[in-house]
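Visitor: The structure under discussion is supplied below as structure tokens; questions concerning it will follow.
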Amino acid sequence: LTGKGRCALRRDGLPDPSPGWCVVRSLFSAVSPGTERLVAQGRVPGPLKDEMRCPYMGGRFPFPVKYGYSLVGEVAEGPEGLRGRTVHVLHPHQDLCVVRCEDVRPLPDGLPPARATLASNLETAVTAAWDSGVSVGERALVVGFGVVGSLVARVLALGPAVELEIAEKRAGRRRLAETMGFRSSASPGARPFDVAFDTSGTPAGLQAAIDSVGVEGRVVAVSWFGAGPARLDLGGSFHSGRKRIIGSQVSRIPGALRPRWDAARRTELVFRLLGRPEFDLHVGPTVPFAGLPKAYDALIGRSPEGLSPLIVY
């Protein structure tokens with residue numbers, strides 16, 4: 001990303017891999033539309049510039065910066081136990097990369113590499129479900145049906161008899177949700193929900209989530225607004241209904257789970273979930289690596305109708 005709204009493919013030199021490092025030849029990578037759009041617009045807040053760095057990021061915020069964090073490839077050079085393995089790595093979009101061996105995550109046998117690009121966003125969805133404390137038979141609302149919203153919905157649908165609804169303003173995305181087997185509408189139903197997830201990327205979506213839950217209801221704020229303000233109306237039933245807003249972010253395991261869970265165990269869970277073929281429905285339209293700048297131009301202008309674009313190398 002060379003400047004606000006500007007992007008290009010650049011050639012870069014690679015270091016020779018030293019002991020403990022390996023060379024990965026990319027097969028696929030996934031664009032995370034919400035976060036990468038904010039980065040491309042230069043909307044990373046100053047105080048969060050260090051925290052928002054992704055592994056192997058090039059440059060610095062705001063620009064020029066090389067950003068992205070879900071790449072799947074084959075280990076071309078490295079230790080015998082890794083050479084030839086298909087792996088997932090948190091790395092920007094790049095056709096060849098040199099990474100620490102400890103940072104590559106070998107895929108389980110049989111997991112399709114394209115589907116495995118969902119791993120980073122699925123970790124976000126799993127963490128959001130944990131943060132929500134969703135329980136048997138609860139009514140849950142997902143506001144916004146982008147890639148993260150779709151994955152939150154899928155995780156909830158795999159859970160204990162959760163009654164699930166999608167609220168999405170865009171007709172194309174509502175149709176997409178329905179083809180995946182989810183019930184969707186342009187706005188939340190009249191009955192109060194027990195828990196709502198905002199994945200819309202808009203303050204209006206977060207407001208809809210707040211207004212949709214009943215007394216003591218929980219709102220899980222998954223969207224990140226970057227440097228933009230989020231104006232909310234908390235003068236209605238928010239206080240009298242004792243509603244709670246829970247900030248969910250993937251970089252930390254929820255405190256109640258931390259004594260037993262770490263990032264490696266969560267990765268194992270995510271790979272196990274991705275063994276289910278229905279996740280193929282969440283893989284977005286394919287874009288050749290050479291077409292990535294054009295795809296970014298469309299992303300910067302408006303979030304796509306479909307889900308996360310799949311970059312093919």
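Chain labels follow the order of the structure tokens: the first chain is A, the next B, and so on; residue numbering restarts at 1 in every chain, and ligands are counted from 1 in their shown order.
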If you take only C-alpha atoms and a cut-off of 12 Å, which residues of segment 10-61 of chain A touch segment 241-256 of chain A, and what are their nearest atom pairs and distances in Å to one decimal, in chain and number order, as CSV?

Guide:
```
residue,atom,partner,partner_atom,distance
A:Glu51,CA,A:Ser251,CA,9.5
A:Met52,CA,A:Ser251,CA,9.9
A:Arg53,CA,A:Ser251,CA,11.5
A:Cys54,CA,A:Ser251,CA,10.6
```

Visitor: Near Leu151 of chain A, within 9 Å and counting only C-alpha atoms, which residues show up once chain neighbours fewer than 4 positions away are dropped, as number ranges by chain?

Guide: A: 118, 121-122, 124-126, 145-147, 155-156, 279, 282

Visitor: Those same residues - C-alpha atoms - I'd like them written as an mmCIF file, in the first residue's frame.

Guide:
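The resulting again.cif:
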```cif
data_model
loop_
_atom_site.group_PDB
_atom_site.id
_atom_site.type_symbol
_atom_site.label_atom_id
_atom_site.label_comp_id
_atom_site.auth_asym_id
_atom_site.auth_seq_id
_atom_site.Cartn_x
_atom_site.Cartn_y
_atom_site.Cartn_z
ATOM 1 C CA LEU A 118 -10.051 -18.942 6.372
ATOM 2 C CA ASN A 121 -10.702 -15.026 10.335
ATOM 3 C CA LEU A 122 -12.119 -18.218 11.843
ATOM 4 C CA THR A 124 -11.614 -14.254 15.192
ATOM 5 C CA ALA A 125 -15.054 -15.903 14.958
ATOM 6 C CA VAL A 126 -14.229 -18.596 17.522
ATOM 7 C CA PHE A 145 -22.651 -10.773 6.687
ATOM 8 C CA GLY A 146 -19.098 -10.204 5.571
ATOM 9 C CA VAL A 147 -16.512 -12.939 5.948
ATOM 10 C CA VAL A 155 -19.617 -21.385 14.454
ATOM 11 C CA LEU A 156 -22.911 -20.608 16.202
ATOM 12 C CA PHE A 279 -16.642 -23.965 4.997
ATOM 13 C CA HIS A 282 -17.162 -19.085 2.864
#
```

Visitor: From the list A:Val24, A:Leu111, A:Leu96, A:Ala129, which residue is nearest Glu74 of chain A when using only C-alpha atoms?

Guide: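 Answer, going by the shortest atom-to-atom distance: A:Val24.
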
Visitor: From a backbone DSSP assignment, name each residue in segment 82-246 of chain A labelled alpha helix (DSSP H), as JSON, numbers by chain.

Guide: {"A": [113, 114, 115, 116, 119, 120, 121, 122, 123, 124, 125, 126, 127, 128, 129, 130, 131, 132, 147, 148, 149, 150, 151, 152, 153, 154, 155, 156, 157, 171, 172, 173, 174, 175, 176, 177, 178, 179, 203, 204, 205, 206, 207, 208, 209, 210, 211, 212, 237, 238, 239, 240]}

Visitor: Work out how far atom CA of Thr117 of chain A is from atom CA of Gly68 of chain A, in Å to one decimal.

Guide: 11.5 Å

Visitor: Neighbouring residues of Ala204 of chain A were defined as those with any atom within 12 Å, considering only C-alpha atoms; residues of the same chain fewer than 6 positions away were excluded. Please report them as an MDAnalysis selection string.

Guide: chainID A and resid 143:144 167:169 187 198 210:211 223 225 229:233

Visitor: Those selected residues, please, written with N, CA, C and O atoms and delivered as a PDB file, in the first residue's frame.

Guide:
```
ATOM      1  N   VAL A 143     -25.086  -9.208  13.097  1.00  0.00           N
ATOM      2  CA  VAL A 143     -25.330  -8.014  12.290  1.00  0.00           C
ATOM      3  C   VAL A 143     -24.167  -7.849  11.324  1.00  0.00           C
ATOM      4  O   VAL A 143     -23.032  -7.607  11.730  1.00  0.00           O
ATOM      5  N   GLY A 144     -24.454  -7.992  10.034  1.00  0.00           N
ATOM      6  CA  GLY A 144     -23.426  -7.874   9.005  1.00  0.00           C
ATOM      7  C   GLY A 144     -22.969  -9.244   8.538  1.00  0.00           C
ATOM      8  O   GLY A 144     -22.592 -10.084   9.344  1.00  0.00           O
ATOM      9  N   ALA A 167     -28.811 -10.177  10.290  1.00  0.00           N
ATOM     10  CA  ALA A 167     -29.339  -8.880   9.862  1.00  0.00           C
ATOM     11  C   ALA A 167     -28.319  -8.258   8.918  1.00  0.00           C
ATOM     12  O   ALA A 167     -27.168  -8.030   9.296  1.00  0.00           O
ATOM     13  N   GLU A 168     -28.724  -8.002   7.686  1.00  0.00           N
ATOM     14  CA  GLU A 168     -27.814  -7.485   6.665  1.00  0.00           C
ATOM     15  C   GLU A 168     -28.591  -6.561   5.728  1.00  0.00           C
ATOM     16  O   GLU A 168     -29.618  -6.954   5.163  1.00  0.00           O
ATOM     17  N   LYS A 169     -28.097  -5.332   5.567  1.00  0.00           N
ATOM     18  CA  LYS A 169     -28.798  -4.351   4.743  1.00  0.00           C
ATOM     19  C   LYS A 169     -28.716  -4.682   3.257  1.00  0.00           C
ATOM     20  O   LYS A 169     -29.639  -4.384   2.489  1.00  0.00           O
ATOM     21  N   SER A 187     -33.334  -6.164   8.724  1.00  0.00           N
ATOM     22  CA  SER A 187     -33.224  -5.603  10.075  1.00  0.00           C
ATOM     23  C   SER A 187     -33.613  -6.684  11.079  1.00  0.00           C
ATOM     24  O   SER A 187     -34.304  -7.648  10.729  1.00  0.00           O
ATOM     25  N   ASP A 198     -21.897  -7.714  16.501  1.00  0.00           N
ATOM     26  CA  ASP A 198     -21.761  -6.721  15.438  1.00  0.00           C
ATOM     27  C   ASP A 198     -20.510  -7.022  14.632  1.00  0.00           C
ATOM     28  O   ASP A 198     -19.388  -6.902  15.123  1.00  0.00           O
ATOM     29  N   ILE A 210     -27.111  -3.374  19.707  1.00  0.00           N
ATOM     30  CA  ILE A 210     -27.471  -2.927  21.055  1.00  0.00           C
ATOM     31  C   ILE A 210     -28.991  -2.903  21.225  1.00  0.00           C
ATOM     32  O   ILE A 210     -29.537  -3.380  22.229  1.00  0.00           O
ATOM     33  N   ASP A 211     -29.666  -2.350  20.235  1.00  0.00           N
ATOM     34  CA  ASP A 211     -31.122  -2.204  20.339  1.00  0.00           C
ATOM     35  C   ASP A 211     -31.855  -3.539  20.242  1.00  0.00           C
ATOM     36  O   ASP A 211     -33.009  -3.643  20.664  1.00  0.00           O
ATOM     37  N   SER A 223     -16.459  -5.794  15.218  1.00  0.00           N
ATOM     38  CA  SER A 223     -15.948  -4.834  14.233  1.00  0.00           C
ATOM     39  C   SER A 223     -14.921  -3.907  14.850  1.00  0.00           C
ATOM     40  O   SER A 223     -15.008  -3.536  16.028  1.00  0.00           O
ATOM     41  N   PHE A 225     -13.293  -0.131  14.166  1.00  0.00           N
ATOM     42  CA  PHE A 225     -13.578   1.085  13.418  1.00  0.00           C
ATOM     43  C   PHE A 225     -12.327   1.901  13.098  1.00  0.00           C
ATOM     44  O   PHE A 225     -12.412   2.940  12.445  1.00  0.00           O
ATOM     45  N   PRO A 229     -14.725   7.694  14.360  1.00  0.00           N
ATOM     46  CA  PRO A 229     -15.563   7.700  15.562  1.00  0.00           C
ATOM     47  C   PRO A 229     -16.781   6.807  15.379  1.00  0.00           C
ATOM     48  O   PRO A 229     -17.205   6.537  14.254  1.00  0.00           O
ATOM     49  N   ALA A 230     -17.330   6.352  16.485  1.00  0.00           N
ATOM     50  CA  ALA A 230     -18.553   5.557  16.473  1.00  0.00           C
ATOM     51  C   ALA A 230     -19.552   6.247  17.395  1.00  0.00           C
ATOM     52  O   ALA A 230     -19.442   6.167  18.620  1.00  0.00           O
ATOM     53  N   ARG A 231     -20.513   6.930  16.813  1.00  0.00           N
ATOM     54  CA  ARG A 231     -21.534   7.638  17.599  1.00  0.00           C
ATOM     55  C   ARG A 231     -22.680   6.674  17.892  1.00  0.00           C
ATOM     56  O   ARG A 231     -23.239   6.075  16.990  1.00  0.00           O
ATOM     57  N   LEU A 232     -23.021   6.554  19.174  1.00  0.00           N
ATOM     58  CA  LEU A 232     -24.061   5.622  19.601  1.00  0.00           C
ATOM     59  C   LEU A 232     -25.116   6.343  20.423  1.00  0.00           C
ATOM     60  O   LEU A 232     -24.808   7.303  21.139  1.00  0.00           O
ATOM     61  N   ASP A 233     -26.342   5.871  20.338  1.00  0.00           N
ATOM     62  CA  ASP A 233     -27.439   6.374  21.168  1.00  0.00           C
ATOM     63  C   ASP A 233     -27.631   5.405  22.324  1.00  0.00           C
ATOM     64  O   ASP A 233     -28.172   4.310  22.150  1.00  0.00           O
TER      65      ASP A 233
END
```

Visitor: Check the DSSP output for the backbone and give back, as a compact mmCIF listing (two decimals) with N, CA and C atoms, in the first residue's frame, the residues of segment 39-119 of chain A in strand (DSSP E or B).

Guide:
```txt
# COMPACT_ATOMS: atom_id res chain seq x y z
N GLY A 58 5.82 -5.29 6.23
CA GLY A 58 6.87 -4.46 5.67
C GLY A 58 6.50 -2.99 5.77
N GLY A 59 7.48 -2.11 6.00
CA GLY A 59 7.20 -0.69 6.12
C GLY A 59 6.60 -0.34 7.46
N VAL A 65 3.22 0.44 3.33
CA VAL A 65 3.10 -0.70 4.24
C VAL A 65 2.64 -1.94 3.47
N LYS A 66 3.25 -3.06 3.79
CA LYS A 66 2.87 -4.36 3.22
C LYS A 66 2.12 -5.11 4.32
N LEU A 71 -1.85 -16.58 4.85
CA LEU A 71 -1.22 -17.11 3.64
C LEU A 71 -1.01 -18.61 3.80
N VAL A 72 -1.27 -19.35 2.73
CA VAL A 72 -1.06 -20.80 2.71
C VAL A 72 -0.11 -21.13 1.57
N GLY A 73 0.91 -21.91 1.87
CA GLY A 73 1.88 -22.26 0.84
C GLY A 73 2.57 -23.56 1.18
N GLU A 74 3.56 -23.88 0.36
CA GLU A 74 4.33 -25.12 0.52
C GLU A 74 5.75 -24.77 0.92
N VAL A 75 6.28 -25.48 1.89
CA VAL A 75 7.66 -25.24 2.34
C VAL A 75 8.61 -25.77 1.26
N ALA A 76 9.31 -24.84 0.58
CA ALA A 76 10.22 -25.22 -0.49
C ALA A 76 11.62 -25.52 0.03
N GLU A 77 12.02 -24.82 1.08
CA GLU A 77 13.32 -25.05 1.71
C GLU A 77 13.14 -25.00 3.21
N THR A 86 2.40 -28.49 3.38
CA THR A 86 1.55 -27.33 3.15
C THR A 86 1.25 -26.70 4.50
N VAL A 87 1.46 -25.37 4.59
CA VAL A 87 1.40 -24.69 5.88
C VAL A 87 0.60 -23.40 5.79
N HIS A 88 0.09 -22.97 6.92
CA HIS A 88 -0.53 -21.65 7.07
C HIS A 88 0.43 -20.76 7.84
N VAL A 89 0.56 -19.52 7.42
CA VAL A 89 1.45 -18.59 8.11
C VAL A 89 0.82 -17.20 8.09
N LEU A 96 6.56 -15.49 -2.42
CA LEU A 96 7.62 -16.30 -1.83
C LEU A 96 8.06 -15.59 -0.56
N CYS A 97 8.23 -16.32 0.54
CA CYS A 97 8.59 -15.65 1.79
C CYS A 97 9.52 -16.53 2.61
N VAL A 98 10.32 -15.88 3.44
CA VAL A 98 11.22 -16.56 4.36
C VAL A 98 10.72 -16.28 5.77
N VAL A 99 10.39 -17.34 6.51
CA VAL A 99 9.76 -17.19 7.82
C VAL A 99 10.41 -18.15 8.82
N ARG A 100 10.24 -17.84 10.10
CA ARG A 100 10.73 -18.73 11.14
C ARG A 100 9.94 -20.04 11.11
N ARG A 105 2.35 -23.20 10.40
CA ARG A 105 1.40 -24.11 11.01
C ARG A 105 1.01 -25.17 9.97
N PRO A 106 1.62 -26.36 10.04
CA PRO A 106 1.32 -27.40 9.05
C PRO A 106 -0.16 -27.75 9.05
```

Visitor: Any idea what the distance is between atom CA of Phe289 of chain A and atom CA of Pro277 of chain A?

Guide: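 Computing the Euclidean distance for atom CA of Phe289 of chain A and atom CA of Pro277 of chain A yields 25.0 Å.
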
Visitor: Can you pull out the residues contacting segment 28-42 of chain A? Cut-off 8 Å, using only C-alpha atoms, and skip same-chain residues under 5 positions away; I want them as a ChimeraX atom specification.

Guide: /A:1,3-6,61-63,67-73,93,113-114,117-118,121,147,201,223-226,299-300,303-304,308-313

Visitor: Could the residues in this selection be written to a file with N, CA and C atoms, as a CSV table (one decimal), in the first residue's frame?

Guide:
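Final output, saved to selection.csv:
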```
chain,number,residue,atom,x,y,z
A,1,LEU,N,0.9,-1.2,0.0
A,1,LEU,CA,0.0,0.0,0.0
A,1,LEU,C,0.9,1.2,0.0
A,3,GLY,N,0.2,4.5,-0.6
A,3,GLY,CA,-0.4,5.7,-0.1
A,3,GLY,C,-1.9,5.5,0.1
A,4,LYS,N,-2.6,6.5,0.6
A,4,LYS,CA,-4.0,6.4,0.8
A,4,LYS,C,-4.8,6.0,-0.5
A,5,GLY,N,-5.3,4.8,-0.5
A,5,GLY,CA,-6.1,4.4,-1.7
A,5,GLY,C,-5.2,4.0,-2.9
A,6,ARG,N,-3.9,3.9,-2.7
A,6,ARG,CA,-3.0,3.5,-3.8
A,6,ARG,C,-2.2,2.2,-3.4
A,61,PHE,N,3.1,2.1,9.4
A,61,PHE,CA,1.9,2.9,9.2
A,61,PHE,C,2.2,4.4,9.2
A,62,PRO,N,1.5,5.2,8.4
A,62,PRO,CA,0.4,4.7,7.5
A,62,PRO,C,0.9,4.1,6.2
A,63,PHE,N,1.9,4.7,5.6
A,63,PHE,CA,2.4,4.2,4.3
A,63,PHE,C,3.9,4.5,4.1
A,67,TYR,N,0.8,-5.4,4.1
A,67,TYR,CA,0.0,-5.9,5.1
A,67,TYR,C,-0.8,-7.1,4.7
A,68,GLY,N,-1.2,-8.0,5.6
A,68,GLY,CA,-2.0,-9.2,5.4
A,68,GLY,C,-1.6,-10.3,6.3
A,69,TYR,N,-2.5,-11.2,6.6
A,69,TYR,CA,-2.1,-12.2,7.7
A,69,TYR,C,-2.8,-13.5,7.5
A,70,SER,N,-2.9,-14.0,6.3
A,70,SER,CA,-3.5,-15.3,6.1
A,70,SER,C,-3.0,-15.9,4.8
A,71,LEU,N,-1.9,-16.6,4.8
A,71,LEU,CA,-1.2,-17.1,3.6
A,71,LEU,C,-1.0,-18.6,3.8
A,72,VAL,N,-1.3,-19.3,2.7
A,72,VAL,CA,-1.1,-20.8,2.7
A,72,VAL,C,-0.1,-21.1,1.6
A,73,GLY,N,0.9,-21.9,1.9
A,73,GLY,CA,1.9,-22.3,0.8
A,73,GLY,C,2.6,-23.6,1.2
A,93,HIS,N,0.5,-10.6,1.7
A,93,HIS,CA,0.4,-11.2,0.4
A,93,HIS,C,1.7,-11.1,-0.3
A,113,PRO,N,-6.0,-26.5,0.8
A,113,PRO,CA,-5.2,-25.3,1.0
A,113,PRO,C,-6.1,-24.0,0.9
A,114,ALA,N,-6.9,-23.9,-0.1
A,114,ALA,CA,-7.7,-22.7,-0.3
A,114,ALA,C,-8.7,-22.5,0.9
A,117,THR,N,-7.1,-20.9,4.1
A,117,THR,CA,-6.9,-19.4,4.2
A,117,THR,C,-8.0,-18.8,5.1
A,118,LEU,N,-9.0,-19.5,5.5
A,118,LEU,CA,-10.1,-18.9,6.4
A,118,LEU,C,-9.6,-19.0,7.8
A,121,ASN,N,-9.4,-15.6,10.0
A,121,ASN,CA,-10.7,-15.0,10.3
A,121,ASN,C,-11.6,-16.0,11.2
A,147,VAL,N,-17.2,-11.6,5.7
A,147,VAL,CA,-16.5,-12.9,5.9
A,147,VAL,C,-16.5,-13.3,7.4
A,201,GLY,N,-19.0,-3.5,10.7
A,201,GLY,CA,-18.0,-2.5,10.4
A,201,GLY,C,-18.6,-1.1,10.4
A,223,SER,N,-16.5,-5.8,15.2
A,223,SER,CA,-15.9,-4.8,14.2
A,223,SER,C,-14.9,-3.9,14.8
A,224,TRP,N,-14.0,-3.5,14.0
A,224,TRP,CA,-13.0,-2.5,14.4
A,224,TRP,C,-13.2,-1.3,13.5
A,225,PHE,N,-13.3,-0.1,14.2
A,225,PHE,CA,-13.6,1.1,13.4
A,225,PHE,C,-12.3,1.9,13.1
A,226,GLY,N,-11.2,1.5,13.6
A,226,GLY,CA,-10.0,2.2,13.3
A,226,GLY,C,-10.0,3.6,13.9
A,299,LEU,N,-11.9,-2.8,-3.2
A,299,LEU,CA,-12.1,-2.9,-1.7
A,299,LEU,C,-12.1,-1.6,-1.0
A,300,ILE,N,-11.1,-0.7,-1.4
A,300,ILE,CA,-11.0,0.6,-0.8
A,300,ILE,C,-12.3,1.4,-1.0
A,303,SER,N,-16.7,-2.1,0.6
A,303,SER,CA,-16.5,-3.6,0.9
A,303,SER,C,-17.3,-4.4,-0.1
A,304,PRO,N,-16.7,-5.6,-0.5
A,304,PRO,CA,-17.3,-6.4,-1.6
A,304,PRO,C,-18.6,-7.0,-1.2
A,308,SER,N,-14.5,-12.9,1.6
A,308,SER,CA,-13.0,-12.6,1.5
A,308,SER,C,-12.4,-13.0,0.2
A,309,PRO,N,-11.9,-12.1,-0.6
A,309,PRO,CA,-11.3,-12.5,-1.9
A,309,PRO,C,-10.1,-13.5,-1.6
A,310,LEU,N,-10.1,-14.6,-2.5
A,310,LEU,CA,-9.0,-15.6,-2.4
A,310,LEU,C,-8.0,-15.3,-3.4
A,311,ILE,N,-6.8,-15.0,-3.0
A,311,ILE,CA,-5.7,-14.6,-3.9
A,311,ILE,C,-5.0,-15.9,-4.3
A,312,VAL,N,-4.9,-16.1,-5.7
A,312,VAL,CA,-4.3,-17.4,-6.2
A,312,VAL,C,-2.9,-17.0,-6.8
A,313,TYR,N,-1.9,-17.8,-6.4
A,313,TYR,CA,-0.5,-17.5,-6.8
A,313,TYR,C,-0.2,-18.5,-8.0
```

Visitor: Counting only C-alpha atoms, which residue out of A:Cys22, A:Val104, A:Val283, A:Leu90 sits closest to Gly78 of chain A?

Guide: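 Looking only at the distances to Gly78 of chain A, the closest residue turns out to be A:Cys22.
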
Visitor: Measure the distance from atom CA of Leu176 of chain A to atom CA of Pro285 of chain A in Å and round it to one decimal.

Guide: 12.7 Å
